[in-house]
$ cat my_file-v5.tsv   # TSV, C-alpha atoms
chain	number	residue	atom	x	y	z
X	1192	MET	CA	41.26	-6.41	-18.79
X	1193	SER	CA	39.05	-5.44	-15.85
X	1194	THR	CA	38.87	-7.33	-12.57
X	1195	ILE	CA	36.66	-7.18	-9.48
X	1196	LYS	CA	37.91	-8.40	-6.13
X	1197	VAL	CA	36.13	-8.65	-2.78
X	1198	LYS	CA	38.21	-7.89	0.30
X	1199	PHE	CA	37.67	-7.61	4.04
X	1200	ARG	CA	38.91	-4.59	5.99
X	1201	PRO	CA	39.00	-5.25	9.76
X	1202	SER	CA	37.82	-2.54	12.11
X	1203	THR	CA	40.45	-0.49	13.93
X	1204	VAL	CA	38.34	-0.89	17.08
X	1205	ALA	CA	38.68	-4.22	18.86
X	1206	GLY	CA	35.50	-6.29	18.97
X	1207	ARG	CA	33.79	-4.31	16.19
X	1208	PRO	CA	32.87	-5.78	12.78
X	1209	GLY	CA	34.88	-4.76	9.75
X	1210	SER	CA	33.76	-3.73	6.27
X	1211	ILE	CA	33.65	-5.55	2.96
X	1212	VAL	CA	35.13	-3.58	0.07
X	1213	TYR	CA	35.24	-3.99	-3.70
X	1214	LEU	CA	38.48	-3.39	-5.61
X	1215	VAL	CA	37.97	-2.50	-9.27
X	1216	THR	CA	41.09	-2.73	-11.45
X	1217	ARG	CA	41.42	-1.45	-15.02
X	1218	HIS	CA	44.74	-0.75	-16.78
X	1219	ARG	CA	46.47	-1.46	-13.45
X	1220	ILE	CA	44.60	1.40	-11.80
X	1221	VAL	CA	42.76	0.24	-8.67
X	1222	ARG	CA	39.71	1.94	-7.20
X	1223	GLN	CA	37.84	0.96	-4.04
X	1224	ILE	CA	34.20	0.96	-2.94
X	1225	THR	CA	33.44	0.42	0.73
X	1226	THR	CA	30.11	-1.34	1.19
X	1227	ASP	CA	27.81	-1.14	4.20
X	1228	TYR	CA	28.16	-4.91	4.75
X	1229	LYS	CA	29.62	-5.45	8.23
X	1230	VAL	CA	31.10	-8.80	9.34
X	1231	PHE	CA	33.45	-10.01	12.05
X	1232	PRO	CA	36.89	-11.47	11.18
X	1233	SER	CA	35.64	-14.95	12.11
X	1234	GLU	CA	32.89	-14.61	9.50
X	1235	TRP	CA	35.29	-14.00	6.62
X	1236	ASN	CA	36.98	-16.68	4.51
X	1237	LYS	CA	40.11	-15.03	3.11
X	1238	LYS	CA	40.98	-17.90	0.78
X	1239	TRP	CA	37.64	-17.83	-1.02
X	1240	SER	CA	36.88	-14.11	-0.47
X	1241	THR	CA	33.47	-14.84	0.94
X	1242	VAL	CA	31.52	-14.74	4.18
X	1243	ILE	CA	30.90	-17.74	6.40
X	1244	ALA	CA	28.21	-18.20	9.02
X	1245	SER	CA	28.54	-19.56	12.52
X	1246	ALA	CA	26.60	-22.78	13.02
X	1247	SER	CA	25.83	-21.86	16.65
X	1248	ASP	CA	24.13	-18.51	16.00
X	1249	ASN	CA	21.00	-18.86	13.87
X	1250	GLU	CA	20.16	-15.16	13.97
X	1251	ARG	CA	23.63	-14.14	12.79
X	1252	ALA	CA	23.62	-16.92	10.19
X	1253	THR	CA	20.55	-15.36	8.61
X	1254	VAL	CA	22.34	-12.00	8.38
X	1255	ILE	CA	25.42	-13.58	6.82
X	1256	GLN	CA	23.29	-15.47	4.32
X	1257	SER	CA	21.67	-12.21	3.26
X	1258	ILE	CA	25.08	-10.51	2.89
X	1259	SER	CA	26.33	-13.45	0.84
X	1260	GLN	CA	23.43	-13.09	-1.58
X	1261	ARG	CA	23.99	-9.37	-1.91
X	1262	LEU	CA	27.69	-9.91	-2.65
X	1263	CYS	CA	26.75	-12.26	-5.48
X	1264	TRP	CA	24.27	-9.75	-6.89
X	1265	ASP	CA	26.78	-6.90	-6.70
X	1266	ILE	CA	29.47	-8.91	-8.49
X	1267	ASP	CA	26.94	-9.92	-11.11
X	1268	ARG	CA	26.06	-6.23	-11.63
X	1269	PHE	CA	29.76	-5.33	-11.93
X	1270	ASN	CA	30.26	-8.03	-14.56
X	1271	ARG	CA	27.27	-6.82	-16.57
X	1272	ILE	CA	28.58	-3.25	-16.46
X	1273	ILE	CA	32.02	-4.35	-17.65
X	1274	ASN	CA	30.49	-6.48	-20.43
X	1275	ASN	CA	28.43	-3.50	-21.57
X	1276	PHE	CA	31.56	-1.32	-21.75
X	1277	ASN	CA	33.42	-4.07	-23.64
X	1278	ASN	CA	30.56	-4.54	-26.10
X	1279	ARG	CA	30.64	-0.84	-26.92
X	1280	ARG	CA	34.34	-1.22	-27.79
X	1281	CYS	CA	35.17	2.07	-26.16
X	1282	ASP	CA	37.92	2.87	-23.72
X	1283	TYR	CA	36.91	3.15	-20.08
X	1284	SER	CA	38.51	3.33	-16.68
X	1285	SER	CA	37.97	1.77	-13.28
X	1286	ASP	CA	36.41	5.09	-12.26
X	1287	ASP	CA	33.85	4.68	-15.07
X	1288	VAL	CA	32.95	1.20	-13.82
X	1289	ILE	CA	32.45	2.47	-10.27
X	1290	ALA	CA	30.44	5.48	-11.44
X	1291	GLU	CA	28.10	3.25	-13.45
X	1292	PHE	CA	27.76	0.83	-10.53
X	1293	GLN	CA	26.81	3.62	-8.13
X	1294	HIS	CA	24.46	5.13	-10.71
X	1295	THR	CA	22.55	1.88	-11.19
X	1296	MET	CA	22.32	1.42	-7.43
X	1297	LYS	CA	20.67	4.85	-7.09
X	1298	GLU	CA	18.36	4.46	-10.08
X	1299	ASN	CA	17.23	0.89	-9.44
X	1300	THR	CA	16.01	1.39	-5.89
X	1301	LEU	CA	12.63	0.24	-4.69
X	1302	PHE	CA	11.43	3.62	-3.44
X	1303	ARG	CA	12.34	5.35	-6.72
X	1304	PHE	CA	10.80	2.59	-8.80
X	1305	MET	CA	7.56	2.62	-6.82
X	1306	GLU	CA	7.36	6.41	-7.06
X	1307	SER	CA	7.70	6.23	-10.86
X	1308	THR	CA	5.10	3.44	-10.97
X	1309	ILE	CA	2.65	5.51	-8.91
X	1310	LEU	CA	3.19	8.50	-11.21
X	1311	ARG	CA	2.52	6.31	-14.24
X	1312	LEU	CA	-0.69	4.96	-12.70
X	1313	ARG	CA	-1.93	8.49	-12.03
X	1314	GLN	CA	-1.15	9.48	-15.62
X	1315	LEU	CA	-3.30	6.55	-16.75
X	1316	LYS	CA	-6.10	7.75	-14.43
X	1317	HIS	CA	-5.81	4.61	-12.29
X	1318	THR	CA	-6.27	6.69	-9.16
X	1319	GLY	CA	-7.48	3.90	-6.87
X	1320	THR	CA	-4.56	1.63	-7.76
X	1321	ALA	CA	-2.13	4.53	-7.37
X	1322	ASN	CA	-3.50	5.21	-3.89
X	1323	ASN	CA	-3.07	1.55	-2.95
X	1324	TYR	CA	0.53	1.60	-4.17
X	1325	ARG	CA	1.14	4.78	-2.16
X	1326	ALA	CA	-0.21	3.13	0.99
X	1327	ALA	CA	2.03	0.10	0.43
X	1328	LEU	CA	5.09	2.30	-0.21
X	1329	ASN	CA	4.48	4.32	2.96
X	1330	SER	CA	4.14	1.11	4.95
X	1331	PHE	CA	7.38	-0.30	3.55
X	1332	LYS	CA	9.15	3.00	4.21
X	1333	ARG	CA	8.12	2.82	7.85
X	1334	PHE	CA	9.47	-0.72	8.02
X	1335	ARG	CA	12.76	0.39	6.45
X	1336	GLU	CA	12.85	3.60	8.55
X	1337	ASP	CA	13.06	5.54	5.25
X	1338	GLU	CA	16.22	3.73	4.15
X	1339	ASP	CA	15.90	2.87	0.44
X	1340	ILE	CA	17.07	-0.44	-0.99
X	1341	SER	CA	18.02	-1.61	-4.48
X	1342	VAL	CA	15.49	-3.79	-6.26
X	1343	GLU	CA	18.17	-6.45	-6.72
X	1344	ALA	CA	18.71	-6.62	-2.96
X	1345	ILE	CA	15.14	-7.76	-2.28
X	1346	ASP	CA	15.19	-11.35	-1.09
X	1347	TYR	CA	12.94	-13.71	0.82
X	1348	ILE	CA	14.63	-12.81	4.12
X	1349	LEU	CA	13.72	-9.15	3.69
X	1350	ILE	CA	10.15	-10.05	2.76
X	1351	GLU	CA	9.83	-12.38	5.75
X	1352	ASP	CA	11.09	-9.58	8.01
X	1353	TYR	CA	8.57	-7.16	6.50
X	1354	GLN	CA	5.76	-9.65	7.01
X	1355	ALA	CA	6.78	-10.11	10.64
X	1356	TYR	CA	6.85	-6.32	11.05
X	1357	LEU	CA	3.31	-6.02	9.68
X	1358	LYS	CA	2.12	-8.61	12.18
X	1359	THR	CA	3.57	-6.58	15.05
X	1360	THR	CA	1.51	-3.57	13.96
X	1361	GLY	CA	-1.68	-5.56	14.60
X	1362	LEU	CA	-2.80	-5.85	10.97
X	1363	ALA	CA	-5.24	-8.60	10.04
X	1364	PRO	CA	-4.04	-11.34	7.63
X	1365	ASN	CA	-5.95	-9.86	4.68
X	1366	SER	CA	-4.37	-6.45	5.28
X	1367	ILE	CA	-0.91	-8.05	5.37
X	1368	SER	CA	-1.74	-9.89	2.15
X	1369	PHE	CA	-2.83	-6.57	0.60
X	1370	TYR	CA	0.61	-5.01	1.13
X	1371	MET	CA	2.42	-8.18	0.08
X	1372	ARG	CA	0.47	-8.50	-3.17
X	1373	ILE	CA	1.19	-4.89	-4.10
X	1374	LEU	CA	4.89	-5.28	-3.33
X	1375	ARG	CA	4.95	-8.47	-5.41
X	1376	ALA	CA	3.25	-6.68	-8.31
X	1377	VAL	CA	5.90	-3.92	-8.16
X	1378	TYR	CA	8.67	-6.53	-8.07
X	1379	ASN	CA	7.18	-8.26	-11.12
X	1380	ARG	CA	7.14	-4.92	-12.96
X	1381	ALA	CA	10.84	-4.52	-12.17
X	1382	ILE	CA	11.52	-7.98	-13.60
X	1383	GLU	CA	9.63	-7.10	-16.79
X	1384	GLN	CA	11.77	-3.96	-17.14
X	1385	GLU	CA	14.91	-6.08	-16.59
X	1386	LEU	CA	15.93	-4.20	-13.45
X	1387	THR	CA	16.50	-7.49	-11.66
X	1388	GLN	CA	16.31	-11.23	-12.09
X	1389	ASP	CA	13.46	-13.11	-10.45
X	1390	ARG	CA	14.83	-14.36	-7.15
X	1391	LYS	CA	11.36	-15.39	-5.96
X	1392	PRO	CA	11.45	-13.39	-2.72
X	1393	PHE	CA	7.71	-13.87	-2.13
X	1394	ARG	CA	7.74	-17.66	-2.13
X	1395	PHE	CA	7.10	-17.79	1.64
X	1396	ALA	CA	4.94	-14.66	1.89
X	1397	PHE	CA	1.23	-14.71	2.71
X	1398	THR	CA	-0.57	-13.42	-0.39
X	1399	SER	CA	-3.90	-15.25	-0.07
X	1400	VAL	CA	-7.24	-13.77	0.96
X	1401	GLU	CA	-9.07	-15.22	3.93
X	1402	LYS	CA	-12.84	-15.26	4.03
X	1403	THR	CA	-14.14	-12.73	6.52
X	1404	LEU	CA	-17.34	-12.83	8.50
X	1405	LYS	CA	-19.96	-10.84	6.64
X	1406	ARG	CA	-21.26	-7.92	8.62
X	1407	ALA	CA	-24.64	-6.38	7.81
X	1408	ILE	CA	-26.70	-3.64	9.37
X	1409	THR	CA	-30.22	-4.66	10.38
X	1410	LEU	CA	-33.37	-3.17	8.86
X	1411	LYS	CA	-34.29	-2.01	12.36
X	1412	ASP	CA	-31.10	0.07	12.53
X	1413	ILE	CA	-31.70	1.45	9.03
X	1414	LYS	CA	-35.16	2.59	10.13
X	1415	ARG	CA	-33.71	4.22	13.25
X	1416	ILE	CA	-31.20	6.13	11.12
X	1417	LYS	CA	-33.93	7.17	8.68
X	1418	ASP	CA	-36.18	8.45	11.45
X	1419	LEU	CA	-33.53	10.54	13.19
X	1420	ASP	CA	-34.38	14.22	13.49
X	1421	LEU	CA	-31.27	15.97	12.15
X	1422	SER	CA	-32.88	19.25	11.11
X	1423	SER	CA	-30.60	21.18	13.45
X	1424	MET	CA	-27.49	19.57	11.89
X	1425	PRO	CA	-27.79	20.05	8.11
X	1426	ASN	CA	-24.34	18.65	7.32
X	1427	ILE	CA	-25.08	15.44	9.22
X	1428	GLU	CA	-28.54	15.29	7.68
X	1429	ILE	CA	-27.29	15.36	4.09
X	1430	ALA	CA	-24.66	12.74	4.93
X	1431	ARG	CA	-27.41	10.53	6.39
X	1432	ASP	CA	-29.62	11.02	3.33
X	1433	ILE	CA	-26.81	10.18	0.89
X	1434	PHE	CA	-26.11	7.05	2.92
X	1435	LEU	CA	-29.78	6.09	2.62
X	1436	PHE	CA	-29.70	6.85	-1.11
X	1437	LEU	CA	-26.76	4.45	-1.54
X	1438	PHE	CA	-28.61	1.85	0.51
X	1439	PHE	CA	-31.86	2.14	-1.46
X	1440	CYS	CA	-29.83	1.96	-4.70
X	1441	ARG	CA	-28.65	-1.56	-3.78
X	1442	GLY	CA	-25.34	-0.51	-2.23
X	1443	MET	CA	-24.25	1.94	-4.92
X	1444	SER	CA	-20.69	3.25	-4.42
X	1445	PHE	CA	-20.27	6.87	-3.40
X	1446	ILE	CA	-18.30	7.82	-6.51
X	1447	ASP	CA	-21.03	6.41	-8.76
X	1448	ALA	CA	-23.68	8.39	-6.86
X	1449	ALA	CA	-21.58	11.57	-7.10
X	1450	PHE	CA	-21.47	11.40	-10.91
X	1451	LEU	CA	-25.12	10.49	-11.45
X	1452	LYS	CA	-26.84	12.96	-13.77
X	1453	LYS	CA	-30.48	13.89	-14.20
X	1454	ALA	CA	-30.27	12.54	-17.74
X	1455	ASP	CA	-29.62	9.10	-16.21
X	1456	MET	CA	-33.28	8.97	-15.10
X	1457	GLN	CA	-35.58	7.64	-17.80
X	1458	ASN	CA	-39.03	6.05	-17.47
X	1459	GLY	CA	-38.77	5.47	-13.75
X	1460	MET	CA	-35.33	3.81	-14.04
X	1461	LEU	CA	-31.87	5.00	-13.06
X	1462	THR	CA	-29.22	3.81	-15.53
X	1463	TYR	CA	-25.47	4.27	-14.94
X	1464	ARG	CA	-22.08	2.62	-15.45
X	1465	ARG	CA	-19.90	1.68	-12.50
X	1466	HIS	CA	-16.66	3.65	-12.44
X	1467	LYS	CA	-14.74	0.62	-11.19
X	1468	THR	CA	-15.91	-2.02	-13.69
X	1469	ASN	CA	-17.74	-0.03	-16.39
X	1470	GLN	CA	-20.69	-2.40	-15.85
X	1471	LEU	CA	-24.06	-1.02	-16.96
X	1472	LEU	CA	-26.65	-1.15	-14.15
X	1473	HIS	CA	-30.37	-0.33	-13.95
X	1474	ILE	CA	-32.19	0.58	-10.72
X	1475	ARG	CA	-35.91	1.18	-10.32
X	1476	ILE	CA	-36.58	4.58	-8.75
X	1477	VAL	CA	-38.69	3.66	-5.72
X	1478	ASN	CA	-40.43	6.26	-3.55
X	1479	GLN	CA	-37.57	6.47	-1.03
X	1480	ILE	CA	-35.08	7.25	-3.79
X	1481	ARG	CA	-37.43	9.78	-5.38
X	1482	GLU	CA	-37.88	11.60	-2.06
X	1483	ILE	CA	-34.13	12.10	-1.63
X	1484	ILE	CA	-33.66	13.24	-5.24
X	1485	ASP	CA	-36.50	15.76	-4.95
X	1486	ARG	CA	-35.15	17.06	-1.64
X	1487	TYR	CA	-31.67	17.82	-2.94
X	1488	SER	CA	-32.15	18.47	-6.64
X	1489	VAL	CA	-30.48	21.72	-7.80
X	1490	LYS	CA	-32.11	23.22	-10.91
X	1491	LYS	CA	-28.96	24.62	-12.50
X	1492	SER	CA	-26.88	21.49	-11.89
X	1493	PRO	CA	-26.85	18.54	-14.30
X	1494	TYR	CA	-26.02	16.22	-11.39
X	1495	LEU	CA	-28.62	14.32	-9.43
X	1496	LEU	CA	-27.15	14.95	-5.99
X	1497	PRO	CA	-25.36	18.03	-4.56
X	1498	ILE	CA	-21.99	16.32	-4.27
X	1499	ILE	CA	-20.11	17.77	-7.24
X	1500	SER	CA	-20.33	21.55	-7.42
X	1501	ILE	CA	-20.46	23.43	-10.72
X	1502	GLN	CA	-18.26	26.53	-10.77
$ encode --input "my_file-v5.tsv" --output "structure tokens"
Amino acid sequence: MSTIKVKFRPSTVAGRPGSIVYLVTRHRIVRQITTDYKVFPSEWNKKWSTVIASASDNERATVIQSISQRLCWDIDRFNRIINNFNNRRCDYSSDDVIAEFQHTMKENTLFRFMESTILRLRQLKHTGTANNYRAALNSFKRFREDEDISVEAIDYILIEDYQAYLKTTGLAPNSISFYMRILRAVYNRAIEQELTQDRKPFRFAFTSVEKTLKRAITLKDIKRIKDLDLSSMPNIEIARDIFLFLFFCRGMSFIDAAFLKKADMQNGMLTYRRHKTNQLLHIRIVNQIREIIDRYSVKKSPYLLPIISIQ
């Protein structure tokens, strides 16, 4: 028979919060884990071994509510660990239960899980998505001040706090939504891998996309850029000409232009597939496009523009 009890250990310093501890008993051998959950004596209900919030302090009540949820999740994890040991019908000790509990806490952390997800995306050649996940992870690390957190401990309070943090950094709503949607996608992956139950922590998060005012450069400005004399600055000149090439090619993406090959030109048409969508596109080679191609064409290179070098 294995039992889990939750106890409160008051601080030895007057006026300081005490710690919540777990007592794991197996074969009458008791082992203790001290958590990082800190509460004051008035916030602890000894009879029911649970925390209680003060009705007069809304800010503290939110903290206590979060601790209460985490206590429930921890006890649930303990029970699952004990059930797994019992199902194996093998002998185990209270030390084994604690070791497994601490192991799962280290393995099932958000930072670790996101790192493994990013690695998997890179292995699948989903570089753009991997970069987005990296940006979201770095943002969340700054919010957490590099303190990792278990996936099971993610709740709507934490997500609300993160959203409020993003607002203080001056991010626009769509940028906040970007980070929230990535974090939600990671959380959903964790649910699929049975690392946590769905506690719907994003139910109050902003994950929509607001319409933004379209911004467009005028033809007058394009002409001014085209007519600039940059002969004394060759690096700037080639950057300007590639920009014009993308413009004349109906807003072609840079990566698509980089991988264009001479073989893609047939009968006055430029045919290529978008890297992002694999969509097949055809562009008529007008005089402005032809001028740029002729200016930068390298005989020994199969590529249309001098962006990718051949070693």
$ atom_distance --input "my_file-v5.tsv" --atom1 "atom CA of X:Ser1307" --atom2 "atom CA of X:Thr1320"
13.5 Å
$ atom_distance --input "my_file-v5.tsv" --atom1 "atom CA of X:Met1424" --atom2 "atom CA of X:Ser1488"
19.1 Å
$ closest_residue --input "my_file-v5.tsv" --among "X:Ile1433, X:Ile1243, X:Ile1211, X:Met1371" --to "X:Tyr1356" --atoms "all atoms listed in the file"
X:Met1371
$ closest_residue --input "my_file-v5.tsv" --among "X:Arg1219, X:Asn1322, X:Ala1381, X:Ser1330" --to "X:Arg1303" --atoms "only C-alpha atoms"
X:Ala1381
$ closest_residue --input "my_file-v5.tsv" --among "X:Lys1452, X:Met1192, X:Val1254, X:Phe1395" --to "X:Ala1355" --atoms "all atoms listed in the file"
X:Phe1395
$ residues_around --input "my_file-v5.tsv" --residues "X:Trp1235" --least-positions-apart "5" --cutoff "12 Å" --atoms "only C-alpha atoms" --output "PyMOL selection string"
chain X and resi 1197-1201+1208-1211+1228-1230+1240-1245+1255+1258-1259
$ atom_distance --input "my_file-v5.tsv" --atom1 "atom CA of X:Asp1346" --atom2 "atom CA of X:Tyr1378"
10.7 Å
$ closest_residue --input "my_file-v5.tsv" --among "X:Tyr1463, X:Tyr1494, X:Tyr1487, X:Trp1264" --to "X:Phe1436" --atoms "all atoms listed in the file"
X:Tyr1487
$ residues_around --input "my_file-v5.tsv" --residues "X:Gln1223" --least-positions-apart "3" --cutoff "9 Å" --atoms "all atoms listed in the file" --output "PyMOL selection string"
chain X and resi 1212-1216+1289
$ closest_residue --input "my_file-v5.tsv" --among "X:Ile1476, X:Ile1499, X:Leu1471, X:Ile1350" --to "X:Gln1457" --atoms "all atoms listed in the file"
X:Ile1476
$ residues_around --input "my_file-v5.tsv" --residues "X:Thr1253" --least-positions-apart "4" --cutoff "8 Å" --atoms "all atoms listed in the file" --output "PyMOL selection string"
chain X and resi 1249+1257+1348
$ closest_residue --input "my_file-v5.tsv" --among "X:Gln1256, X:Ser1193, X:Gln1314, X:Thr1360" --to "X:Val1288" --atoms "only C-alpha atoms"
X:Ser1193
$ residues_around --input "my_file-v5.tsv" --residues "X:Ala1327" --least-positions-apart "3" --cutoff "7 Å" --atoms "only C-alpha atoms" --output "mmCIF file with C-alpha atoms, keeping the file's coordinate frame"
data_model
loop_
_atom_site.group_PDB
_atom_site.id
_atom_site.type_symbol
_atom_site.label_atom_id
_atom_site.label_comp_id
_atom_site.auth_asym_id
_atom_site.auth_seq_id
_atom_site.Cartn_x
_atom_site.Cartn_y
_atom_site.Cartn_z
ATOM 1 C CA ASN X 1323 -3.070 1.550 -2.950
ATOM 2 C CA TYR X 1324 0.530 1.600 -4.170
ATOM 3 C CA SER X 1330 4.140 1.110 4.950
ATOM 4 C CA PHE X 1331 7.380 -0.300 3.550
ATOM 5 C CA TYR X 1370 0.610 -5.010 1.130
ATOM 6 C CA ILE X 1373 1.190 -4.890 -4.100
#
$ residues_around --input "my_file-v5.tsv" --residues "X:Ile1480" --least-positions-apart "4" --cutoff "9 Å" --atoms "only C-alpha atoms" --output "ChimeraX atom specification"
/X:1435-1436,1439-1440,1475-1476,1484-1485
$ axis_aligned_box --input "my_file-v5.tsv" --around "stretch 1211-1230 of chain X" --padding-each-side "5 Å" --output "lines of an AutoDock Vina configuration file"
center_x = 37.1
center_y = -3.4
center_z = -3.7
size_x = 28.7
size_y = 20.7
size_z = 36.1
